[in-house]
Amino acid sequence: MDADQPLLEIRDLRTHFHIRQGTVRAVDGVSLSVFPGQTLAIVGESGCGKSITAQSILRILPRAGRIEHGHIHLQLSAGGPGRGEIVDLVGLNPKGSAMREIRGGEIGMIFQEPMSTFSPVYTIGHQIAEAARLHRTADDIEPRELVLDMLAHVGFAHPDRTWSQYPHELSGGMRQRAMIAMALIGRPRILIADEPTTALDVTTEAQILRLMKGLQAEFGMAIIFITHDLGVVARMADQVAVMYLGNIVEQGDVDTVFHAPRHPYLKALLRSVPRLDPAENIGLEPISGMVPDPFSRPAGCPFHPRCPEFMPGTCDTAVPQLLPAVAEPGRTRAACHLYT
Amino acid sequence: MTAQTPAGTEATILRVRDLRMHFPIQKGFLRRTVGWIKAVDGVDLELGRGQTLGLVGESGCGKTTTARCILGGYEVTDGEILFNDPELGWVDIASISKDEMFSVRRNAQIILQDPYGSLNPRMTVLDIVGEPLLINGIRGSEREQRVAELLSLVGLRPEYMSRYPHAFSGGQRQRIGIARALALQPQMVICDEPVSALDVSIQAQILNLLEELQDRFGLAYLFVAHQLNVVSHICDRVAVMYVGKVVESAPTGQLYDRPRHPYTEALLSSVPRPDPRNQADEIVLEGEVADPANPPSGCLFHPRCRYAVEQCRLEEPELRPATAGHFVRCHLADDLELMGVSAPAA
């Protein structure tokens with residue numbers, strides 16, 4: 001596998017929701033690349049479009065949502081039925097067999113709320129074995145063996161006991177582990193994690209984050225980590241994309257994003273997070289105003305009404321592009337007129 | 001926690017002593033009590049006027065139950081909740097009469113976590129913020145006048161008074177909740193996870209507003225939260241709870257720099273920090289939080305503690321002073337050299 005070749009490449013993705021009150025441009029021109037074995041964090045506040053981006057990749061959008069434009073190129077695994085071909089997920093039928101193969105087989109997904117992943121009326125073992133039967137047909141091993149092995153990998157001390165337990169019998173952290181086991185049973189090369197630790201306590205969160213890092217090192221999968229928590233981004237990510245109102249406003253490697261941010265939104269976001277060390281806590285500088293209503297998106301740069309460096313005549317007329325066009329080391333790509 | 005302030009001085013507004021709140025576990029047709037969930041089982045707190053005391057811990061540790069007990073929400077099992085009421089003087093909320101509670105409620109208010117669930121969708125902002133005024137006999141245009149003042153105080157436009165909660169964003173709703181809490185000019189406000197449901201840019205606005213209001217009115221806050229960075233920012237003192245007990249309490253700087261309880265150390269090291277160059281070497285706790293219905297012997301934390309010795313399994317530690325103003329419930333507090341937040345990352 002070529003590490004320079006992206007596994008997944010999103011080009012100018014636009015996902016819009018057509019509802020009674022009008023059209024919401026939830027994702028409006030997002031381009032991203034995911035490389036083998038790397039973690040890409042997509043970070044932003046509620047309503048920025050980070051979850052819709054993930055749902056667009058897996059083609060599991062709510063009924064009102066439609067991909068209006070763009071490509072999502074996925075390189076299929078060489079050993080699988082796709083034989084290393086590149087497919088455009090936008091062109092596939094969301095309910096078709098090709099997409100079903102990809103979900104769970106090529107791309108696994110975990111969510112914030114494990115109870116929505118598991119059915120309450122079947123045992124954990126039964127449900128994960130079902131996923132194993134769908135995606136591990138080439139293996140000679142019994143699904144039960146595969147499942148017990150995976151449960152041990154994600155940290156269950158007694159996998160055979162867990163096999164026959166129901167989801168409600170597990171604690172929040174343990175359910176999250178079971179969900180990770182189910183997502184990884186098909187050995188996907190990409191794992192999409194949508195706020196996987198948001199509902200957990202901080203010590204449980206630390207356990208799950210460490211587990212995900214360990215499993216990534218072991219299985220070599222790429223992770224798309226969707227979160228609103230800048231602390232989690234700093235701990236987990238290799239690459240970071242910051243979203244605001246359906247656009248990526250800044251993108252770069254994790255160190256540069258935190259230490260040389262360029263977009264006023266990201267700078268302001270970093271100044272508004274309270275620090276853990278009381279000695280570092282001077283004053284919080286909140287971002288004025290709030291995220292605009294999705295039906296009345298500002299013209300030009302979507303951040304301009306809240307931006308401290310707003311330039312009248314420029315920011316409210318033209319939409320800024322992510323620049324430089326090609327990533328340079330030690331520099332982030334920012335969509336801001338200050339840098340054009 | 002009475003070391004730094006002698007009993008009865010005016011500087012203290014709330015003093016909780018050995019609070020216990022046990023809930024019965026009932027089973028069967030006759031609802032026989034088969035056991036007790038010790039949700040709160042030994043909480044000592046002291047809150048000074050104009051000060052902010054953080055009460056932190058993970059879900060199920062009893063921090064919200066403690067807050068509810070303080071506002072008279074439960075008949076407590078044991079312990080004292082002494083409140084320094086400006087009209088009544090010191091009263092024990094754990095054994096108070098209804099009339100006295102009416103006065104206490106004027107002076108002790110609460111801000112809740114969920115800005116959606118805590119406002120009645122069928123009431124206008126005027127009715128929501130004005131309800132405490134109505135109960136205390138303030139009506140008509142005087143009430144409207146007062147609500148308008150309250151709204152501008154929390155950064156909302158008074159014209160919005162006749163709107164319903166659905167017309168407001170999460171941050172604005174939290175401002176409405178704050179206006180309601182301040183309507184009767186209380187001395188103490190319990191903030192139960194007031195910013196947990198908000199986005200970070202809005203969270204900073206609300207934290208700054210709470211600080212401004214504290215400076216202006218000399219409010220005392222009991223700040224219940226699980227976000228340790230928020231607590232670090234806003235609190236003067238912090239008490240850490242684990243399975244119903246306060247395990248450590250100290251001035252914020254001391255607690256974060258030099259924690260003395262292994263649980264506090266693990267908790268602080270677990271917080272992901274927004275800086276890839278400064279990630280603590282996190283101490284991952286094994287296993288799960290103890291069950292408050294079936295707690296382990298000795299120190300409740302010993303099955304997960306990496307420093308535990310034989311004594312920890314056998315004897316339950318007491319909350320005792322380690323240094324002035326720094327209390328800790330650990331047998332080994334004097335022997336351990338624990339890692340704080342400013343220690344260089346290993």
# chains A, B, ... in the order shown; residues from 1 in each chain; ligands from 1

$ residues_around --residues "Leu209 in chain A" --least-positions-apart "6" --cutoff "12 Å" --atoms "only C-alpha atoms" --output "tab-separated table (two decimals) with N, CA and C atoms, in the first residue's frame"
chain	number	residue	atom	x	y	z
A	154	VAL	N	-10.35	-5.44	22.50
A	154	VAL	CA	-10.83	-4.13	22.95
A	154	VAL	C	-10.92	-4.05	24.47
A	173	GLY	N	-18.67	2.96	29.26
A	173	GLY	CA	-17.35	2.75	28.68
A	173	GLY	C	-17.25	1.38	28.03
A	176	GLN	N	-19.01	1.27	24.77
A	176	GLN	CA	-18.20	1.93	23.75
A	176	GLN	C	-17.14	0.96	23.22
A	177	ARG	N	-16.59	0.14	24.13
A	177	ARG	CA	-15.62	-0.87	23.70
A	177	ARG	C	-16.29	-1.90	22.79
A	180	ILE	N	-16.75	-0.48	19.40
A	180	ILE	CA	-15.48	-0.46	18.65
A	180	ILE	C	-15.21	-1.86	18.11
A	193	ALA	N	-15.06	7.97	13.56
A	193	ALA	CA	-15.48	8.04	14.97
A	193	ALA	C	-16.16	9.39	15.18
A	195	GLU	N	-17.68	11.80	17.58
A	195	GLU	CA	-17.76	12.17	19.01
A	195	GLU	C	-17.82	10.92	19.89
A	196	PRO	N	-16.87	9.98	19.75
A	196	PRO	CA	-17.01	8.71	20.46
A	196	PRO	C	-16.87	8.82	21.97
A	197	THR	N	-16.28	9.90	22.47
A	197	THR	CA	-16.05	9.97	23.91
A	197	THR	C	-16.79	11.12	24.58
A	198	THR	N	-17.65	11.80	23.82
A	198	THR	CA	-18.29	13.00	24.36
A	198	THR	C	-19.18	12.70	25.56
A	200	LEU	N	-18.76	10.36	27.71
A	200	LEU	CA	-18.07	9.59	28.75
A	200	LEU	C	-17.40	10.49	29.77
A	201	ASP	N	-17.19	9.94	30.97
A	201	ASP	CA	-16.42	10.64	31.98
A	201	ASP	C	-14.96	10.70	31.56
A	202	VAL	N	-14.26	11.65	32.16
A	202	VAL	CA	-12.90	11.92	31.67
A	202	VAL	C	-11.95	10.73	31.86
A	203	THR	N	-12.08	9.97	32.93
A	203	THR	CA	-11.16	8.83	33.09
A	203	THR	C	-11.52	7.71	32.11
A	215	LEU	N	-5.27	0.25	18.99
A	215	LEU	CA	-5.85	-0.54	17.91
A	215	LEU	C	-5.40	-0.01	16.55
A	216	GLN	N	-5.24	1.30	16.47
A	216	GLN	CA	-4.76	1.89	15.22
A	216	GLN	C	-3.34	1.41	14.91
A	223	ILE	N	-8.08	6.86	10.87
A	223	ILE	CA	-9.23	7.27	11.68
A	223	ILE	C	-9.67	8.67	11.26
A	225	PHE	N	-11.68	11.39	12.95
A	225	PHE	CA	-12.15	11.61	14.32
A	225	PHE	C	-12.92	12.93	14.34
A	231	GLY	N	-9.08	19.58	23.04
A	231	GLY	CA	-8.15	18.76	23.81
A	231	GLY	C	-8.02	17.37	23.20
A	232	VAL	N	-9.14	16.79	22.82
A	232	VAL	CA	-9.13	15.47	22.21
A	232	VAL	C	-8.40	15.52	20.86
A	233	VAL	N	-8.60	16.60	20.11
A	233	VAL	CA	-7.90	16.76	18.84
A	233	VAL	C	-6.39	16.75	19.08
A	234	ALA	N	-5.94	17.54	20.06
A	234	ALA	CA	-4.50	17.64	20.32
A	234	ALA	C	-3.94	16.29	20.73
A	235	ARG	N	-4.72	15.47	21.43
A	235	ARG	CA	-4.21	14.19	21.88
A	235	ARG	C	-4.20	13.16	20.75
A	236	MET	N	-5.17	13.23	19.82
A	236	MET	CA	-5.36	12.13	18.89
A	236	MET	C	-4.88	12.37	17.45
A	237	ALA	N	-4.92	13.61	16.97
A	237	ALA	CA	-4.85	13.84	15.52
A	237	ALA	C	-3.44	13.90	14.97
B	270	SER	N	-6.02	12.75	33.10
B	270	SER	CA	-6.87	12.23	32.03
B	270	SER	C	-7.38	13.30	31.09
B	271	VAL	N	-7.40	14.56	31.55
B	271	VAL	CA	-8.02	15.61	30.74
B	271	VAL	C	-7.17	15.88	29.49
B	272	PRO	N	-7.73	15.71	28.30
B	272	PRO	CA	-6.94	16.03	27.11
B	272	PRO	C	-6.76	17.54	27.00
B	282	GLU	N	-0.97	10.26	30.65
B	282	GLU	CA	-2.18	10.03	31.41
B	282	GLU	C	-2.13	8.71	32.18
B	284	VAL	N	-4.10	5.83	33.25
B	284	VAL	CA	-5.37	5.21	32.90
B	284	VAL	C	-5.81	4.34	34.07

$ closest_atom_pairs --of "chain A" --to "chain B" --cutoff "9 Å" --atoms "only C-alpha atoms" --output "Markdown table"
| residue | atom | partner | partner_atom | distance |
| --- | --- | --- | --- | --- |
| A:Glu45 | CA | B:Asp199 | CA | 5.9 |
| A:Ser46 | CA | B:Asp199 | CA | 6.9 |
| A:Ser171 | CA | B:Glu288 | CA | 8.5 |
| A:Gly173 | CA | B:Glu288 | CA | 8.8 |
| A:Leu200 | CA | B:Ser59 | CA | 8.7 |
| A:Asp201 | CA | B:Glu58 | CA | 5.7 |
| A:Val202 | CA | B:Ser270 | CA | 6.1 |
| A:Thr203 | CA | B:Ser270 | CA | 5.6 |
| A:Thr204 | CA | B:Leu285 | CA | 8.0 |
| A:Glu205 | CA | B:Ser270 | CA | 7.8 |
| A:Ala206 | CA | B:Ser270 | CA | 5.5 |
| A:Gln207 | CA | B:Val284 | CA | 5.9 |
| A:Arg210 | CA | B:Val284 | CA | 8.4 |
| A:His228 | CA | B:Asp199 | CA | 7.9 |
| A:Asp229 | CA | B:Pro274 | CA | 8.2 |
| A:Leu230 | CA | B:Pro274 | CA | 5.2 |
| A:Gly231 | CA | B:Pro274 | CA | 3.9 |
| A:Val232 | CA | B:Pro272 | CA | 5.4 |
| A:Val233 | CA | B:Pro274 | CA | 7.3 |
| A:Ala234 | CA | B:Pro276 | CA | 4.5 |
| A:Arg235 | CA | B:Pro276 | CA | 6.0 |
| A:Met236 | CA | B:Pro276 | CA | 8.6 |
| A:Ala237 | CA | B:Pro276 | CA | 8.8 |
| A:Val254 | CA | B:Pro276 | CA | 7.0 |
| A:Asp255 | CA | B:Pro276 | CA | 6.1 |
| A:Phe258 | CA | B:Asp275 | CA | 6.3 |
| A:His259 | CA | B:Asp275 | CA | 8.0 |
| A:Ala268 | CA | B:Ser201 | CA | 8.2 |
| A:Leu269 | CA | B:Ser201 | CA | 6.3 |
| A:Leu270 | CA | B:Pro274 | CA | 7.9 |
| A:Ser272 | CA | B:Ala204 | CA | 5.7 |
| A:Val273 | CA | B:Val200 | CA | 6.4 |
| A:Pro274 | CA | B:Asn229 | CA | 5.5 |
| A:Arg275 | CA | B:Asn229 | CA | 5.3 |
| A:Leu276 | CA | B:Asn229 | CA | 4.2 |
| A:Asp277 | CA | B:Val341 | CA | 5.7 |
| A:Pro278 | CA | B:Ser232 | CA | 5.3 |
| A:Ala279 | CA | B:Gly253 | CA | 7.4 |
| A:Asn281 | CA | B:His233 | CA | 5.9 |
| A:Ile282 | CA | B:His233 | CA | 8.1 |
| A:Gly283 | CA | B:His233 | CA | 8.4 |
| A:Leu284 | CA | B:Ala204 | CA | 6.1 |
| A:Glu285 | CA | B:Ala204 | CA | 6.9 |
| A:Pro286 | CA | B:Ala204 | CA | 5.0 |
| A:Ile287 | CA | B:Ser201 | CA | 5.5 |
| A:Ser288 | CA | B:Gln205 | CA | 8.0 |
| A:Gly289 | CA | B:Ile202 | CA | 8.5 |
| A:Met290 | CA | B:Ile202 | CA | 7.3 |

$ closest_residue --among "A:Cys315, A:Ile67, A:Met221, A:Glu280" --to "Glu106 in chain A" --atoms "only C-alpha atoms"
A:Met221

$ residues_around --residues "range 107-109 of chain A" --least-positions-apart "4" --cutoff "9 Å" --atoms "only C-alpha atoms" --output "PDB file with N, CA and C atoms, in the first residue's frame"
ATOM      1  N   LEU A  58     -20.467   7.803   4.297  1.00  0.00           N
ATOM      2  CA  LEU A  58     -21.077   6.480   4.444  1.00  0.00           C
ATOM      3  C   LEU A  58     -22.422   6.373   3.735  1.00  0.00           C
ATOM      4  N   ILE A 102     -18.990  -1.796   1.552  1.00  0.00           N
ATOM      5  CA  ILE A 102     -18.044  -0.774   1.999  1.00  0.00           C
ATOM      6  C   ILE A 102     -18.289  -0.418   3.463  1.00  0.00           C
ATOM      7  N   ARG A 103     -19.561  -0.262   3.832  1.00  0.00           N
ATOM      8  CA  ARG A 103     -19.890   0.038   5.232  1.00  0.00           C
ATOM      9  C   ARG A 103     -19.549  -1.183   6.083  1.00  0.00           C
ATOM     10  N   MET A 179     -18.851  -1.434  20.918  1.00  0.00           N
ATOM     11  CA  MET A 179     -19.146  -0.808  19.634  1.00  0.00           C
ATOM     12  C   MET A 179     -17.888  -0.746  18.768  1.00  0.00           C
ATOM     13  N   ILE A 180     -16.747  -0.478  19.399  1.00  0.00           N
ATOM     14  CA  ILE A 180     -15.484  -0.456  18.653  1.00  0.00           C
ATOM     15  C   ILE A 180     -15.207  -1.860  18.108  1.00  0.00           C
ATOM     16  N   MET A 182     -17.371  -4.083  17.284  1.00  0.00           N
ATOM     17  CA  MET A 182     -18.269  -4.335  16.157  1.00  0.00           C
ATOM     18  C   MET A 182     -17.795  -3.576  14.913  1.00  0.00           C
ATOM     19  N   ALA A 183     -17.319  -2.340  15.102  1.00  0.00           N
ATOM     20  CA  ALA A 183     -16.864  -1.549  13.952  1.00  0.00           C
ATOM     21  C   ALA A 183     -15.616  -2.157  13.321  1.00  0.00           C
ATOM     22  N   LEU A 184     -14.790  -2.818  14.147  1.00  0.00           N
ATOM     23  CA  LEU A 184     -13.507  -3.305  13.633  1.00  0.00           C
ATOM     24  C   LEU A 184     -13.551  -4.760  13.189  1.00  0.00           C
ATOM     25  N   ILE A 185     -14.657  -5.452  13.429  1.00  0.00           N
ATOM     26  CA  ILE A 185     -14.701  -6.893  13.144  1.00  0.00           C
ATOM     27  C   ILE A 185     -14.530  -7.160  11.651  1.00  0.00           C
ATOM     28  N   GLY A 186     -14.982  -6.228  10.801  1.00  0.00           N
ATOM     29  CA  GLY A 186     -14.798  -6.387   9.356  1.00  0.00           C
ATOM     30  C   GLY A 186     -13.427  -5.927   8.888  1.00  0.00           C
ATOM     31  N   ARG A 187     -12.527  -5.601   9.829  1.00  0.00           N
ATOM     32  CA  ARG A 187     -11.183  -5.113   9.520  1.00  0.00           C
ATOM     33  C   ARG A 187     -11.195  -3.966   8.512  1.00  0.00           C
ATOM     34  N   PRO A 188     -11.948  -2.895   8.789  1.00  0.00           N
ATOM     35  CA  PRO A 188     -11.978  -1.766   7.857  1.00  0.00           C
ATOM     36  C   PRO A 188     -10.630  -1.060   7.837  1.00  0.00           C
ATOM     37  N   ARG A 189     -10.340  -0.380   6.739  1.00  0.00           N
ATOM     38  CA  ARG A 189      -9.087   0.372   6.681  1.00  0.00           C
ATOM     39  C   ARG A 189      -9.288   1.812   7.119  1.00  0.00           C
ATOM     40  N   ILE A 190     -10.560   2.204   7.245  1.00  0.00           N
ATOM     41  CA  ILE A 190     -10.866   3.542   7.754  1.00  0.00           C
ATOM     42  C   ILE A 190     -11.912   3.382   8.859  1.00  0.00           C
ATOM     43  N   LEU A 191     -11.686   4.068   9.979  1.00  0.00           N
ATOM     44  CA  LEU A 191     -12.689   4.087  11.043  1.00  0.00           C
ATOM     45  C   LEU A 191     -13.160   5.529  11.195  1.00  0.00           C
ATOM     46  N   ILE A 192     -14.473   5.731  11.066  1.00  0.00           N
ATOM     47  CA  ILE A 192     -15.019   7.060  11.317  1.00  0.00           C
ATOM     48  C   ILE A 192     -15.564   7.064  12.745  1.00  0.00           C
ATOM     49  N   ALA A 193     -15.059   7.971  13.565  1.00  0.00           N
ATOM     50  CA  ALA A 193     -15.480   8.044  14.965  1.00  0.00           C
ATOM     51  C   ALA A 193     -16.157   9.394  15.181  1.00  0.00           C
ATOM     52  N   ASP A 194     -17.469   9.393  15.377  1.00  0.00           N
ATOM     53  CA  ASP A 194     -18.220  10.637  15.530  1.00  0.00           C
ATOM     54  C   ASP A 194     -18.464  10.908  17.010  1.00  0.00           C
TER      55      ASP A 194
END

$ select_by_dssp --residues "range 170-308 of chain A" --states "helix (DSSP H, G or I)" --output "NGL selection string"
:A and (172-184 or 202-219 or 230-236 or 254-259 or 264-271 or 278-280 or 304-306)

$ write_last_selection --atoms "C-alpha atoms" --output "compact mmCIF listing (two decimals), in the first residue's frame"
# COMPACT_ATOMS: atom_id res chain seq x y z
CA GLY A 172 -21.07 3.31 29.17
CA GLY A 173 -17.35 2.75 28.68
CA MET A 174 -17.80 -1.00 28.15
CA ARG A 175 -20.55 -0.41 25.58
CA GLN A 176 -18.20 1.93 23.75
CA ARG A 177 -15.62 -0.87 23.70
CA ALA A 178 -18.22 -3.30 22.34
CA MET A 179 -19.15 -0.81 19.63
CA ILE A 180 -15.48 -0.46 18.65
CA ALA A 181 -15.26 -4.26 18.46
CA MET A 182 -18.27 -4.34 16.16
CA ALA A 183 -16.86 -1.55 13.95
CA LEU A 184 -13.51 -3.31 13.63
CA VAL A 202 -12.90 11.92 31.67
CA THR A 203 -11.16 8.83 33.09
CA THR A 204 -13.24 6.55 30.84
CA GLU A 205 -12.52 8.85 27.92
CA ALA A 206 -8.80 8.45 28.58
CA GLN A 207 -9.24 4.65 28.50
CA ILE A 208 -11.11 4.72 25.18
CA LEU A 209 -8.72 7.18 23.51
CA ARG A 210 -5.76 5.06 24.53
CA LEU A 211 -7.54 1.94 23.25
CA MET A 212 -8.22 3.57 19.88
CA LYS A 213 -4.58 4.58 19.51
CA GLY A 214 -3.46 1.07 20.38
CA LEU A 215 -5.85 -0.54 17.91
CA GLN A 216 -4.76 1.89 15.22
CA ALA A 217 -1.13 0.92 15.74
CA GLU A 218 -2.08 -2.76 15.66
CA PHE A 219 -4.43 -2.80 12.67
CA LEU A 230 -9.84 20.73 21.02
CA GLY A 231 -8.15 18.76 23.81
CA VAL A 232 -9.13 15.47 22.21
CA VAL A 233 -7.90 16.76 18.84
CA ALA A 234 -4.50 17.64 20.32
CA ARG A 235 -4.21 14.19 21.88
CA MET A 236 -5.36 12.13 18.89
CA VAL A 254 -1.78 19.10 14.42
CA ASP A 255 1.28 20.93 15.72
CA THR A 256 0.96 23.79 13.24
CA VAL A 257 -2.77 24.11 13.77
CA PHE A 258 -2.30 24.60 17.52
CA HIS A 259 0.94 26.57 17.44
CA PRO A 264 -9.32 34.37 13.09
CA TYR A 265 -12.00 31.78 13.97
CA LEU A 266 -9.46 29.16 15.04
CA LYS A 267 -7.39 31.77 16.90
CA ALA A 268 -10.50 32.93 18.74
CA LEU A 269 -11.61 29.36 19.47
CA LEU A 270 -8.23 28.57 21.03
CA ARG A 271 -8.45 31.70 23.19
CA PRO A 278 -4.84 27.58 36.87
CA ALA A 279 -1.57 29.47 36.33
CA GLU A 280 -2.22 29.65 32.59
CA HIS A 304 -17.25 37.81 8.91
CA PRO A 305 -20.08 39.04 11.21
CA ARG A 306 -18.16 37.71 14.26

$ residues_around --residues "Ala308 in chain B" --least-positions-apart "5" --cutoff "10 Å" --atoms "only C-alpha atoms" --output "ChimeraX atom specification"
/B:262,299,301-303,313,330-332

$ residues_around --residues "range 88-93 of chain B" --least-positions-apart "4" --cutoff "10 Å" --atoms "only C-alpha atoms" --output "list in words"
Gly8, Glu10, Ile13, Leu14, Arg15, Val16, Cys69, Ile70, Leu71, Gly72, Gly73, Glu75, Val76, Gly79, Glu80, Ile81, Leu82, Phe83, Asn84, Ser97, Glu100, Met101, Ser103 and Val104 of chain B

$ residues_around --residues "Asp41 in chain B" --least-positions-apart "6" --cutoff "10 Å" --atoms "only C-alpha atoms" --output "PDB file with N, CA and C atoms, in the first residue's frame"
ATOM      1  N   ASP B  18     -20.533  16.476  57.131  1.00  0.00           N
ATOM      2  CA  ASP B  18     -20.759  15.034  57.108  1.00  0.00           C
ATOM      3  C   ASP B  18     -22.142  14.680  56.554  1.00  0.00           C
ATOM      4  N   LEU B  19     -22.451  15.247  55.409  1.00  0.00           N
ATOM      5  CA  LEU B  19     -23.756  15.019  54.784  1.00  0.00           C
ATOM      6  C   LEU B  19     -23.862  13.593  54.258  1.00  0.00           C
ATOM      7  N   ARG B  20     -25.005  12.955  54.529  1.00  0.00           N
ATOM      8  CA  ARG B  20     -25.275  11.611  54.002  1.00  0.00           C
ATOM      9  C   ARG B  20     -26.669  11.556  53.413  1.00  0.00           C
ATOM     10  N   MET B  21     -26.775  11.002  52.233  1.00  0.00           N
ATOM     11  CA  MET B  21     -28.071  10.831  51.595  1.00  0.00           C
ATOM     12  C   MET B  21     -28.101   9.419  51.027  1.00  0.00           C
ATOM     13  N   HIS B  22     -28.865   8.550  51.704  1.00  0.00           N
ATOM     14  CA  HIS B  22     -28.952   7.152  51.261  1.00  0.00           C
ATOM     15  C   HIS B  22     -30.335   6.909  50.688  1.00  0.00           C
ATOM     16  N   GLY B  62     -22.260  11.668  43.087  1.00  0.00           N
ATOM     17  CA  GLY B  62     -23.092  12.283  44.112  1.00  0.00           C
ATOM     18  C   GLY B  62     -23.035  13.798  44.143  1.00  0.00           C
ATOM     19  N   THR B  66     -25.772  16.086  46.127  1.00  0.00           N
ATOM     20  CA  THR B  66     -25.328  17.018  47.165  1.00  0.00           C
ATOM     21  C   THR B  66     -25.969  18.388  46.938  1.00  0.00           C
ATOM     22  N   THR B  77     -30.397  11.920  54.993  1.00  0.00           N
ATOM     23  CA  THR B  77     -30.272  10.816  55.934  1.00  0.00           C
ATOM     24  C   THR B  77     -29.572  11.275  57.209  1.00  0.00           C
ATOM     25  N   ASP B  78     -28.506  12.046  57.029  1.00  0.00           N
ATOM     26  CA  ASP B  78     -27.738  12.462  58.198  1.00  0.00           C
ATOM     27  C   ASP B  78     -26.867  13.661  57.816  1.00  0.00           C
ATOM     28  N   GLY B  79     -26.454  14.412  58.821  1.00  0.00           N
ATOM     29  CA  GLY B  79     -25.534  15.514  58.571  1.00  0.00           C
ATOM     30  C   GLY B  79     -26.195  16.871  58.684  1.00  0.00           C
ATOM     31  N   TYR B 242     -15.712  11.238  45.069  1.00  0.00           N
ATOM     32  CA  TYR B 242     -15.624   9.901  44.476  1.00  0.00           C
ATOM     33  C   TYR B 242     -16.577   8.996  45.250  1.00  0.00           C
ATOM     34  N   VAL B 243     -17.535   8.405  44.568  1.00  0.00           N
ATOM     35  CA  VAL B 243     -18.536   7.511  45.155  1.00  0.00           C
ATOM     36  C   VAL B 243     -19.111   8.068  46.463  1.00  0.00           C
ATOM     37  N   GLY B 244     -19.649   9.277  46.382  1.00  0.00           N
ATOM     38  CA  GLY B 244     -20.393   9.826  47.515  1.00  0.00           C
ATOM     39  C   GLY B 244     -19.568  10.521  48.578  1.00  0.00           C
ATOM     40  N   LYS B 245     -18.260  10.497  48.461  1.00  0.00           N
ATOM     41  CA  LYS B 245     -17.429  11.121  49.487  1.00  0.00           C
ATOM     42  C   LYS B 245     -16.537  12.194  48.875  1.00  0.00           C
ATOM     43  N   VAL B 246     -16.285  13.241  49.675  1.00  0.00           N
ATOM     44  CA  VAL B 246     -15.258  14.195  49.265  1.00  0.00           C
ATOM     45  C   VAL B 246     -13.916  13.543  49.568  1.00  0.00           C
ATOM     46  N   PRO B 292     -22.130   2.294  44.487  1.00  0.00           N
ATOM     47  CA  PRO B 292     -22.480   2.883  45.784  1.00  0.00           C
ATOM     48  C   PRO B 292     -23.455   2.024  46.598  1.00  0.00           C
TER      49      PRO B 292
END

$ residues_around --residues "Glu144 in chain B" --least-positions-apart "4" --cutoff "12 Å" --atoms "only C-alpha atoms" --output "list of chain:residue names"
B:Val125, B:Leu126, B:Asp127, B:Ile128, B:Val129, B:Gly130, B:Glu131, B:Leu133, B:Leu134, B:Ile138, B:Arg139, B:Gly140, B:Ala148, B:Glu149, B:Leu150, B:Leu151, B:Pro158, B:Glu159, B:Tyr160, B:Met161, B:Ser162, B:Ala183

$ select_by_dssp --residues "range 51-293 of chain B" --states "strand (DSSP E or B)" --output "PyMOL selection string"
chain B and resi 52-56+78-85+89-92+108-111+188-192+220-225+237-242+245-251

$ closest_residue --among "A:Ala131, A:Arg63, A:Ser56, A:Gly105" --to "Ser77 in chain A" --atoms "only C-alpha atoms"
A:Gly105
